[in-house]
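Colleague: What follows is a structure written as structure tokens; I'll ask about it next.
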Amino acid sequence: MRHLADGGDDSPESSRKLSKEREAALKEALSSVVPRLISSVTRVTHDYHLAEDITQEVCIAVFQEFRKGTKFNKPVIVFATAVARNKLRDYWRKSSSGERPYDEPPEHAGQFSSAPVAGLEYLELLESVKAAIANERQAAVWELTHIWGLMGVEIAELLEISSATVSRELAAAEKKAKLCQGDEEAEPA
């Protein structure tokens with residue numbers, strides 16, 4: 001038995017079990033979060049298996065928060081989306097840097113050779129849309145709506161702004177993005 005930094009220990013007797021109420025809340029939260037995350041991450045990555053992996057990591061993070069007794073003031077999807085976004089960026093960062101957890105590449109690495117490139121192309125496209133929008137909050141609202149599939153109320157809670165502000169910012173962002181798209185279509189003449 002080891003004593004942990006927070007004063008507990010890792011013996012089987014001391015493992016924190018979820019109360020029936022917390023367990024039911026966790027099941028309910030995960031049942032609503034998992035399909036939305038898989039759908040959103042698949043839409044971004046075009047890789048269902050990667051979406052499942054990232055969603056599984058997010059579920060672990062959600063479970064750990066429930067186990068710690070965290071009271072979510074916002075819907076769990078808000079926390080889960082932030083974790084998924086960070087996991088996805090970490091994946092792309094590691095893929096683009098050539099960092100590998102082992103000395104030898106995996107046997108099936110040849111079939112995924114374009115995945116890091118696709119991820120980088122996606123990030124470049126996302127950055128170009130954000131640059132066209134030219135307003136950080138409007139770009140965040142646009143990304144959370146179109147990329148992550150969050151609803152206005154969830155975005156409002158995540159960004160700590162009102163739902164009406166979310167609607168205004170999204171309308172302004174979409175207008176700027178369409179103007180930029182119109183400029184790009186006019187240029188190749």
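Starting from 1 in every chain, residues are counted up; chains themselves are A, B, ... following the order of the structure tokens, and ligands are numbered from 1 as listed.
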Pick out the residues sitting within 12 Å of segment 76-83 of chain A, and hand them over as a PyMOL selection string; count only C-alpha atoms, and ignore anything fewer than 4 positions along from it in its own chain.
Modeller: chain A and resi 25-41+54-66+70-72+87-90+140+143-145+147-160
Colleague: For His146 of chain A, which of A:Arg43, A:Asn86, A:Tyr48, A:Glu169 is the closest residue, counting only C-alpha atoms?
Modeller: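 The answer is A:Arg43, which sits nearest to His146 of chain A.
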Colleague: Residues at most 7 Å from Gln138 of chain A, counting only C-alpha atoms, excluding those fewer than 5 positions away in the same chain, as a ChimeraX atom specification?
Modeller: /A:133,169-170,173
Colleague: Residues as selected, N, CA and C atoms, written as an mmCIF file, in the first residue's frame, can you do that?
Modeller:
data_model
loop_
_atom_site.group_PDB
_atom_site.id
_atom_site.type_symbol
_atom_site.label_atom_id
_atom_site.label_comp_id
_atom_site.auth_asym_id
_atom_site.auth_seq_id
_atom_site.Cartn_x
_atom_site.Cartn_y
_atom_site.Cartn_z
ATOM 1 N N ILE A 133 -12.183 35.514 -40.114
ATOM 2 C CA ILE A 133 -13.158 36.046 -39.162
ATOM 3 C C ILE A 133 -12.542 37.190 -38.368
ATOM 4 N N GLU A 169 -22.603 36.690 -32.433
ATOM 5 C CA GLU A 169 -21.213 36.401 -32.811
ATOM 6 C C GLU A 169 -21.167 35.378 -33.940
ATOM 7 N N LEU A 170 -22.026 34.364 -33.888
ATOM 8 C CA LEU A 170 -22.054 33.352 -34.944
ATOM 9 C C LEU A 170 -22.485 33.974 -36.275
ATOM 10 N N ALA A 173 -19.584 35.991 -37.588
ATOM 11 C CA ALA A 173 -18.497 35.112 -38.044
ATOM 12 C C ALA A 173 -18.836 34.479 -39.379
#
Colleague: Could you go through segment 14-177 of chain A and tell me which residues DSSP, when run on the backbone, assigns to alpha helix (DSSP H), listing them as a count of residues only?
Modeller: 122
Colleague: Pick from A:Ala24, A:Ala177, A:Ala84, A:Ala171: nearest to Ala131 of chain A, with only C-alpha atoms counted?
Modeller: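 Of the candidates, the smallest distance to Ala131 of chain A is held by A:Ala177.
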